>>> print(open('protein10.txt').read())   # compact mmCIF, C-alpha atoms
# COMPACT_ATOMS: atom_id res chain seq x y z
CA MET X 1 -92.42 -11.41 61.44
CA ALA X 2 -89.43 -13.78 61.06
CA ASP X 3 -87.47 -14.91 64.06
CA THR X 4 -83.94 -13.66 63.87
CA ASN X 5 -82.66 -16.11 66.44
CA ASN X 6 -83.30 -19.07 64.17
CA PRO X 7 -80.49 -21.66 64.67
CA GLY X 8 -80.50 -22.51 60.91
CA ASP X 9 -79.81 -18.94 59.97
CA ALA X 10 -76.93 -18.79 62.41
CA GLU X 11 -75.43 -21.94 60.93
CA ASN X 12 -75.84 -20.51 57.47
CA ALA X 13 -74.13 -17.32 58.53
CA ASP X 14 -71.27 -19.26 60.11
CA LEU X 15 -70.94 -21.34 56.98
CA THR X 16 -70.96 -18.27 54.78
CA ARG X 17 -68.36 -16.55 57.00
CA GLU X 18 -66.20 -19.65 56.98
CA THR X 19 -66.46 -19.97 53.21
CA GLY X 20 -65.57 -16.30 52.78
CA THR X 21 -62.60 -16.63 55.13
CA ASP X 22 -61.40 -19.70 53.25
CA GLY X 23 -61.80 -17.88 49.93
CA VAL X 24 -59.86 -14.87 51.17
CA ALA X 25 -57.14 -17.10 52.59
CA SER X 26 -56.99 -19.08 49.35
CA ALA X 27 -56.85 -15.91 47.25
CA ARG X 28 -54.15 -14.46 49.51
CA GLY X 29 -52.14 -17.66 49.24
CA ARG X 30 -52.52 -17.63 45.46
CA PHE X 31 -51.46 -13.99 45.29
CA GLN X 32 -48.46 -14.70 47.52
CA ARG X 33 -47.48 -17.65 45.31
CA LEU X 34 -47.90 -15.47 42.22
CA GLY X 35 -45.82 -12.71 43.81
CA ALA X 36 -43.11 -15.16 44.82
CA ASP X 37 -43.14 -16.69 41.35
CA PHE X 38 -42.93 -13.24 39.77
CA GLN X 39 -40.06 -12.24 42.05
CA ASP X 40 -38.27 -15.49 41.24
CA ARG X 41 -38.64 -14.97 37.51
CA TYR X 42 -37.62 -11.33 37.84
CA ARG X 43 -34.49 -12.40 39.75
CA LYS X 44 -33.68 -15.01 37.11
CA VAL X 45 -34.17 -12.54 34.25
CA SER X 46 -32.10 -9.87 35.95
CA ASP X 47 -29.37 -12.42 36.67
CA ASP X 48 -29.40 -13.47 33.01
CA VAL X 49 -29.25 -9.84 31.89
CA ARG X 50 -26.41 -9.11 34.30
CA ARG X 51 -24.48 -12.17 33.18
CA GLY X 52 -25.05 -11.25 29.50
CA ALA X 53 -23.91 -7.69 30.09
CA GLN X 54 -20.81 -8.91 31.91
CA ARG X 55 -20.02 -11.35 29.10
CA ALA X 56 -20.58 -8.65 26.46
CA SER X 57 -18.38 -6.20 28.33
CA GLU X 58 -15.71 -8.88 28.70
CA GLU X 59 -15.89 -9.67 24.97
CA ILE X 60 -15.69 -5.97 24.07
CA ARG X 61 -12.70 -5.51 26.39
CA ARG X 62 -10.97 -8.56 24.91
CA GLY X 63 -11.76 -7.41 21.34
CA SER X 64 -10.45 -3.92 21.97
CA GLU X 65 -7.32 -5.38 23.52
CA ARG X 66 -6.81 -7.62 20.48
CA ALA X 67 -7.41 -4.67 18.12
CA ARG X 68 -4.91 -2.56 20.06
CA VAL X 69 -2.27 -5.32 19.89
CA THR X 70 -2.89 -5.82 16.15
CA TYR X 71 -2.71 -2.09 15.51
CA ASP X 72 0.55 -1.86 17.45
CA GLU X 73 2.04 -4.74 15.47
CA VAL X 74 0.93 -3.35 12.10
CA SER X 75 2.12 0.13 12.96
CA GLU X 76 5.48 -1.19 14.16
CA ASN X 77 5.90 -3.30 11.00
CA ALA X 78 4.99 -0.37 8.76
CA GLN X 79 7.41 1.90 10.57
CA ARG X 80 10.20 -0.70 10.34
CA THR X 81 9.52 -1.23 6.61
CA PHE X 82 9.49 2.52 5.99
CA GLU X 83 12.77 2.98 7.85
CA ARG X 84 14.37 0.12 5.92
CA ALA X 85 13.11 1.46 2.57
CA ARG X 86 14.38 4.94 3.44
CA SER X 87 17.76 3.59 4.44
CA GLU X 88 18.03 1.50 1.26
CA ALA X 89 16.96 4.44 -0.87
CA GLY X 90 19.61 6.58 0.83
CA ASN X 91 22.28 3.94 0.21
CA PHE X 92 21.24 3.58 -3.43
CA SER X 93 21.27 7.34 -3.94
CA ARG X 94 24.76 7.57 -2.36
CA GLU X 95 26.08 4.76 -4.57
CA VAL X 96 24.59 6.34 -7.70
CA SER X 97 26.13 9.70 -6.79
CA LEU X 98 29.54 8.08 -6.26
CA PHE X 99 29.31 6.25 -9.60
CA VAL X 100 28.30 9.46 -11.37
CA ARG X 101 31.19 11.40 -9.81
CA ASP X 102 33.64 8.67 -10.83
CA ASN X 103 32.24 8.11 -14.36
CA PRO X 104 30.23 11.15 -15.47
CA GLY X 105 30.28 10.28 -19.18
CA LYS X 106 29.16 6.69 -18.69
CA ALA X 107 26.42 7.76 -16.28
CA VAL X 108 25.09 10.35 -18.72
CA LEU X 109 25.15 7.83 -21.57
CA ILE X 110 23.36 5.17 -19.49
CA ALA X 111 20.71 7.64 -18.30
CA ALA X 112 20.10 8.86 -21.84
CA GLY X 113 19.87 5.25 -23.10
CA VAL X 114 17.42 4.24 -20.39
CA GLY X 115 15.30 7.32 -21.07
CA PHE X 116 15.43 6.65 -24.81
CA LEU X 117 14.32 3.03 -24.34
CA LEU X 118 11.49 4.10 -22.04
CA GLY X 119 10.42 6.66 -24.62
CA LEU X 120 10.46 3.99 -27.31
CA ILE X 121 8.33 1.70 -25.14
CA ALA X 122 5.90 4.52 -24.39
CA ARG X 123 5.72 5.33 -28.10
CA GLY X 124 5.03 1.67 -28.89
CA ARG X 125 2.23 1.56 -26.36
CA GLY X 126 0.75 4.85 -27.52
CA GLY X 127 0.53 3.62 -31.11
CA ASP X 128 0.69 6.34 -33.74
CA ARG X 129 -0.22 9.14 -31.38
CA TYR X 130 3.34 10.53 -31.41
CA GLU X 131 3.91 10.12 -35.14
CA GLU X 132 4.62 13.44 -36.81
CA MET K 133 45.90 4.28 -34.30
CA ALA K 134 47.58 2.69 -31.28
CA GLU K 135 46.59 5.70 -29.23
CA MET K 136 42.98 5.19 -30.24
CA ILE K 137 43.08 1.52 -29.27
CA ASP K 138 44.67 2.28 -25.91
CA GLU K 139 42.08 4.95 -25.19
CA GLU K 140 39.68 4.03 -22.36
CA PRO K 141 35.98 3.65 -23.23
CA GLY K 142 35.10 6.26 -20.61
CA SER K 143 37.18 8.92 -22.30
CA MET K 144 35.69 7.95 -25.68
CA VAL K 145 32.26 8.61 -24.23
CA ASP K 146 33.49 11.89 -22.77
CA ASP K 147 34.85 12.91 -26.18
CA LEU K 148 31.56 12.00 -27.81
CA ILE K 149 29.60 14.08 -25.31
CA ASP K 150 32.11 16.92 -25.69
CA GLU K 151 31.40 16.89 -29.41
CA LEU K 152 27.64 16.90 -28.88
CA ILE K 153 27.54 19.63 -26.22
CA PRO K 154 28.62 23.26 -26.83
CA GLY K 155 32.22 23.87 -25.79
CA ASN K 156 31.54 26.68 -23.30
CA LEU K 157 29.41 24.36 -21.13
CA ASP K 158 31.42 22.43 -18.52
CA TRP K 159 29.08 19.43 -18.40
CA GLN K 160 31.42 17.24 -16.31
CA ARG K 161 31.49 19.80 -13.50
CA LEU K 162 27.69 20.13 -13.66
CA VAL K 163 27.18 16.35 -13.58
CA THR K 164 29.61 15.76 -10.72
CA THR K 165 28.21 18.69 -8.71
CA TYR K 166 24.55 17.74 -9.16
CA PRO K 167 24.60 14.02 -10.03
CA LEU K 168 20.99 13.02 -9.55
CA PRO K 169 19.31 16.10 -11.08
CA ALA K 170 21.71 15.90 -14.03
CA LEU K 171 20.86 12.23 -14.59
CA ALA K 172 17.15 13.04 -14.34
CA VAL K 173 17.45 15.82 -16.95
CA VAL K 174 19.45 13.58 -19.30
CA ALA K 175 16.97 10.70 -18.86
CA LEU K 176 14.10 13.08 -19.59
CA GLY K 177 15.87 14.25 -22.73
CA GLY K 178 16.42 10.64 -23.81
CA PHE K 179 12.80 9.86 -23.09
CA TYR K 180 11.66 12.80 -25.24
CA LEU K 181 13.94 11.73 -28.08
CA GLY K 182 12.71 8.14 -27.87
CA LEU K 183 9.12 9.27 -27.79
CA ARG K 184 9.31 11.76 -30.67
CA HIS K 185 12.08 10.49 -32.92
CA GLY K 186 12.74 6.98 -31.62
CA THR K 187 12.23 5.02 -34.82
CA GLU K 188 14.12 7.56 -36.96
CA ILE K 189 17.13 7.44 -34.64
CA LEU K 190 16.97 3.64 -34.47
CA SER K 191 16.79 3.31 -38.26
CA ALA K 192 19.68 5.78 -38.66
CA LEU K 193 21.79 3.84 -36.15
CA SER K 194 20.97 0.50 -37.73
CA GLY K 195 21.78 1.90 -41.21
CA TYR K 196 25.08 3.25 -39.96
CA ALA K 197 25.91 -0.12 -38.33
CA ALA K 198 24.98 -2.03 -41.49
CA SER K 199 27.10 0.23 -43.70
CA GLU K 200 30.06 -0.11 -41.32
CA VAL K 201 29.74 -3.89 -41.33
CA SER K 202 29.50 -4.07 -45.12
CA ARG K 203 32.46 -1.69 -45.45
CA ASN K 204 34.59 -3.82 -43.12
CA VAL K 205 33.57 -7.04 -44.86
CA SER K 206 34.38 -5.66 -48.30
CA HIS K 207 37.68 -4.33 -46.95
CA LEU K 208 38.54 -7.79 -45.62
CA LEU K 209 37.53 -9.44 -48.88
CA ASP K 210 39.67 -6.99 -50.85
CA ARG K 211 42.65 -7.75 -48.63
CA GLU K 212 42.24 -11.50 -49.01
CA GLY K 213 41.46 -11.33 -52.71
>>> encode(input="protein10.txt", output="structure tokens")
Amino acid sequence: MADTNNPGDAENADLTRETGTDGVASARGRFQRLGADFQDRYRKVSDDVRRGAQRASEEIRRGSERARVTYDEVSENAQRTFERARSEAGNFSREVSLFVRDNPGKAVLIAAGVGFLLGLIARGRGGDRYEE
Amino acid sequence: MAEMIDEEPGSMVDDLIDELIPGNLDWQRLVTTYPLPALAVVALGGFYLGLRHGTEILSALSGYAASEVSRNVSHLLDREG
């Protein structure tokens, strides 16, 4: 029968307990470092993502603002051009009407001549299609 | 003759159109009442004529002009000779 109160065994047990405690403490420290490292990286990544999202949203806002300004300018220019063209067309039509009322014969002759010339040009372009 | 020389070109054109258009149609009133549609109709008519009978009308006009020129030249030569 072995003696359980052997001083060597007790030392061995103490040593084993100490080694185990050190291992646990070391593993805990490593896990804590890993956790802290992970949290740090997670914070950095989330900060990067937040900054990127803010920048993207800022860019989108600026782009939409620019597009709105450009659209307003183009629309205003088109409206101004249309108004001017309409006004000029109205003036031209009024002047033509006045000329026709003052000189009906001349106006009829000029219109017939212009139409005749256009017909001649169209006939020239169409070749012999209109030959009878 | 003097009356013909004093006559304005506008009235000559009116007389020409009066000769071309039937007498019961008051074309001047129509043209002055509806100026733009009347011009459009006349231009369309001219376009049709140019398209269908353009070269015939041109050759007839140029023949008439050539005969008038030769008649005037021979008249002048007869007077000087």
>>> interface_residues(input="protein10.txt", of="chain X", to="chain K", cutoff="7 Å", atoms="only C-alpha atoms", output="list in words")
Ser97, Val100, Arg101, Pro104, Gly105, Lys106, Val108, Ala111, Ala112, Gly113, Val114, Gly115, Phe116, Leu117, Leu118, Gly119, Leu120, Ala122, Arg123 and Tyr130 of chain X
>>> write_last_selection(input="protein10.txt", atoms="C-alpha atoms", output="compact mmCIF listing (two decimals), keeping the file's coordinate frame")
# COMPACT_ATOMS: atom_id res chain seq x y z
CA SER X 97 26.13 9.70 -6.79
CA VAL X 100 28.30 9.46 -11.37
CA ARG X 101 31.19 11.40 -9.81
CA PRO X 104 30.23 11.15 -15.47
CA GLY X 105 30.28 10.28 -19.18
CA LYS X 106 29.16 6.69 -18.69
CA VAL X 108 25.09 10.35 -18.72
CA ALA X 111 20.71 7.64 -18.30
CA ALA X 112 20.10 8.86 -21.84
CA GLY X 113 19.87 5.25 -23.10
CA VAL X 114 17.42 4.24 -20.39
CA GLY X 115 15.30 7.32 -21.07
CA PHE X 116 15.43 6.65 -24.81
CA LEU X 117 14.32 3.03 -24.34
CA LEU X 118 11.49 4.10 -22.04
CA GLY X 119 10.42 6.66 -24.62
CA LEU X 120 10.46 3.99 -27.31
CA ALA X 122 5.90 4.52 -24.39
CA ARG X 123 5.72 5.33 -28.10
CA TYR X 130 3.34 10.53 -31.41
>>> atom_distance(input="protein10.txt", atom1="atom CA of K:Ala197", atom2="atom CA of X:Phe99")
29.6 Å
>>> atom_distance(input="protein10.txt", atom1="atom CA of X:Ala89", atom2="atom CA of X:Asp72")
25.4 Å
>>> atom_distance(input="protein10.txt", atom1="atom CA of X:Gly126", atom2="atom CA of K:Ser194")
23.1 Å
>>> axis_aligned_box(input="protein10.txt", around="stretch 75-78 of chain X", padding_each_side="8 Å", output="AutoDock Vina command-line options")
--center_x 4.0 --center_y -1.6 --center_z 11.5 --size_x 19.8 --size_y 19.4 --size_z 21.4
>>> build_atoms(input="protein10.txt", residues="stretch 9-34 of chain X", atoms="N, CA and C atoms", output="PDB file, in the coordinates of the input")
ATOM      1  N   ASP X   9     -80.404 -20.160  60.550  1.00  0.00           N
ATOM      2  CA  ASP X   9     -79.810 -18.940  59.970  1.00  0.00           C
ATOM      3  C   ASP X   9     -78.396 -18.718  60.528  1.00  0.00           C
ATOM      4  N   ALA X  10     -78.250 -18.965  61.793  1.00  0.00           N
ATOM      5  CA  ALA X  10     -76.930 -18.790  62.410  1.00  0.00           C
ATOM      6  C   ALA X  10     -75.892 -19.740  61.785  1.00  0.00           C
ATOM      7  N   GLU X  11     -76.352 -20.953  61.564  1.00  0.00           N
ATOM      8  CA  GLU X  11     -75.430 -21.940  60.930  1.00  0.00           C
ATOM      9  C   GLU X  11     -75.048 -21.478  59.516  1.00  0.00           C
ATOM     10  N   ASN X  12     -76.115 -21.000  58.836  1.00  0.00           N
ATOM     11  CA  ASN X  12     -75.840 -20.510  57.470  1.00  0.00           C
ATOM     12  C   ASN X  12     -74.837 -19.351  57.489  1.00  0.00           C
ATOM     13  N   ALA X  13     -75.048 -18.464  58.449  1.00  0.00           N
ATOM     14  CA  ALA X  13     -74.130 -17.320  58.530  1.00  0.00           C
ATOM     15  C   ALA X  13     -72.720 -17.773  58.851  1.00  0.00           C
ATOM     16  N   ASP X  14     -72.603 -18.731  59.782  1.00  0.00           N
ATOM     17  CA  ASP X  14     -71.270 -19.260  60.110  1.00  0.00           C
ATOM     18  C   ASP X  14     -70.606 -19.887  58.876  1.00  0.00           C
ATOM     19  N   LEU X  15     -71.463 -20.650  58.158  1.00  0.00           N
ATOM     20  CA  LEU X  15     -70.940 -21.340  56.980  1.00  0.00           C
ATOM     21  C   LEU X  15     -70.456 -20.334  55.913  1.00  0.00           C
ATOM     22  N   THR X  16     -71.317 -19.309  55.766  1.00  0.00           N
ATOM     23  CA  THR X  16     -70.960 -18.270  54.780  1.00  0.00           C
ATOM     24  C   THR X  16     -69.674 -17.559  55.192  1.00  0.00           C
ATOM     25  N   ARG X  17     -69.548 -17.231  56.511  1.00  0.00           N
ATOM     26  CA  ARG X  17     -68.360 -16.550  57.000  1.00  0.00           C
ATOM     27  C   ARG X  17     -67.105 -17.430  56.796  1.00  0.00           C
ATOM     28  N   GLU X  18     -67.311 -18.706  57.112  1.00  0.00           N
ATOM     29  CA  GLU X  18     -66.200 -19.650  56.980  1.00  0.00           C
ATOM     30  C   GLU X  18     -65.746 -19.758  55.522  1.00  0.00           C
ATOM     31  N   THR X  19     -66.771 -19.857  54.647  1.00  0.00           N
ATOM     32  CA  THR X  19     -66.460 -19.970  53.210  1.00  0.00           C
ATOM     33  C   THR X  19     -65.731 -18.721  52.718  1.00  0.00           C
ATOM     34  N   GLY X  20     -66.230 -17.565  53.170  1.00  0.00           N
ATOM     35  CA  GLY X  20     -65.570 -16.300  52.780  1.00  0.00           C
ATOM     36  C   GLY X  20     -64.157 -16.257  53.297  1.00  0.00           C
ATOM     37  N   THR X  21     -63.956 -16.647  54.554  1.00  0.00           N
ATOM     38  CA  THR X  21     -62.600 -16.630  55.130  1.00  0.00           C
ATOM     39  C   THR X  21     -61.675 -17.564  54.366  1.00  0.00           C
ATOM     40  N   ASP X  22     -62.215 -18.751  54.028  1.00  0.00           N
ATOM     41  CA  ASP X  22     -61.400 -19.700  53.250  1.00  0.00           C
ATOM     42  C   ASP X  22     -61.025 -19.119  51.886  1.00  0.00           C
ATOM     43  N   GLY X  23     -62.060 -18.483  51.257  1.00  0.00           N
ATOM     44  CA  GLY X  23     -61.800 -17.880  49.930  1.00  0.00           C
ATOM     45  C   GLY X  23     -60.738 -16.815  49.997  1.00  0.00           C
ATOM     46  N   VAL X  24     -60.844 -15.954  51.028  1.00  0.00           N
ATOM     47  CA  VAL X  24     -59.860 -14.870  51.170  1.00  0.00           C
ATOM     48  C   VAL X  24     -58.474 -15.463  51.399  1.00  0.00           C
ATOM     49  N   ALA X  25     -58.448 -16.489  52.294  1.00  0.00           N
ATOM     50  CA  ALA X  25     -57.140 -17.100  52.590  1.00  0.00           C
ATOM     51  C   ALA X  25     -56.560 -17.754  51.330  1.00  0.00           C
ATOM     52  N   SER X  26     -57.458 -18.422  50.572  1.00  0.00           N
ATOM     53  CA  SER X  26     -56.990 -19.080  49.350  1.00  0.00           C
ATOM     54  C   SER X  26     -56.486 -18.053  48.333  1.00  0.00           C
ATOM     55  N   ALA X  27     -57.270 -16.951  48.193  1.00  0.00           N
ATOM     56  CA  ALA X  27     -56.850 -15.910  47.250  1.00  0.00           C
ATOM     57  C   ALA X  27     -55.537 -15.277  47.688  1.00  0.00           C
ATOM     58  N   ARG X  28     -55.382 -15.065  49.025  1.00  0.00           N
ATOM     59  CA  ARG X  28     -54.150 -14.460  49.510  1.00  0.00           C
ATOM     60  C   ARG X  28     -52.959 -15.391  49.231  1.00  0.00           C
ATOM     61  N   GLY X  29     -53.217 -16.693  49.501  1.00  0.00           N
ATOM     62  CA  GLY X  29     -52.140 -17.660  49.240  1.00  0.00           C
ATOM     63  C   GLY X  29     -51.766 -17.681  47.770  1.00  0.00           C
ATOM     64  N   ARG X  30     -52.823 -17.608  46.893  1.00  0.00           N
ATOM     65  CA  ARG X  30     -52.520 -17.630  45.460  1.00  0.00           C
ATOM     66  C   ARG X  30     -51.734 -16.376  45.050  1.00  0.00           C
ATOM     67  N   PHE X  31     -52.169 -15.236  45.607  1.00  0.00           N
ATOM     68  CA  PHE X  31     -51.460 -13.990  45.290  1.00  0.00           C
ATOM     69  C   PHE X  31     -50.012 -14.041  45.791  1.00  0.00           C
ATOM     70  N   GLN X  32     -49.826 -14.619  46.992  1.00  0.00           N
ATOM     71  CA  GLN X  32     -48.460 -14.700  47.520  1.00  0.00           C
ATOM     72  C   GLN X  32     -47.591 -15.609  46.631  1.00  0.00           C
ATOM     73  N   ARG X  33     -48.235 -16.750  46.188  1.00  0.00           N
ATOM     74  CA  ARG X  33     -47.480 -17.650  45.310  1.00  0.00           C
ATOM     75  C   ARG X  33     -47.112 -16.938  43.998  1.00  0.00           C
ATOM     76  N   LEU X  34     -48.146 -16.201  43.470  1.00  0.00           N
ATOM     77  CA  LEU X  34     -47.900 -15.470  42.220  1.00  0.00           C
ATOM     78  C   LEU X  34     -46.784 -14.436  42.406  1.00  0.00           C
TER      79      LEU X  34
END
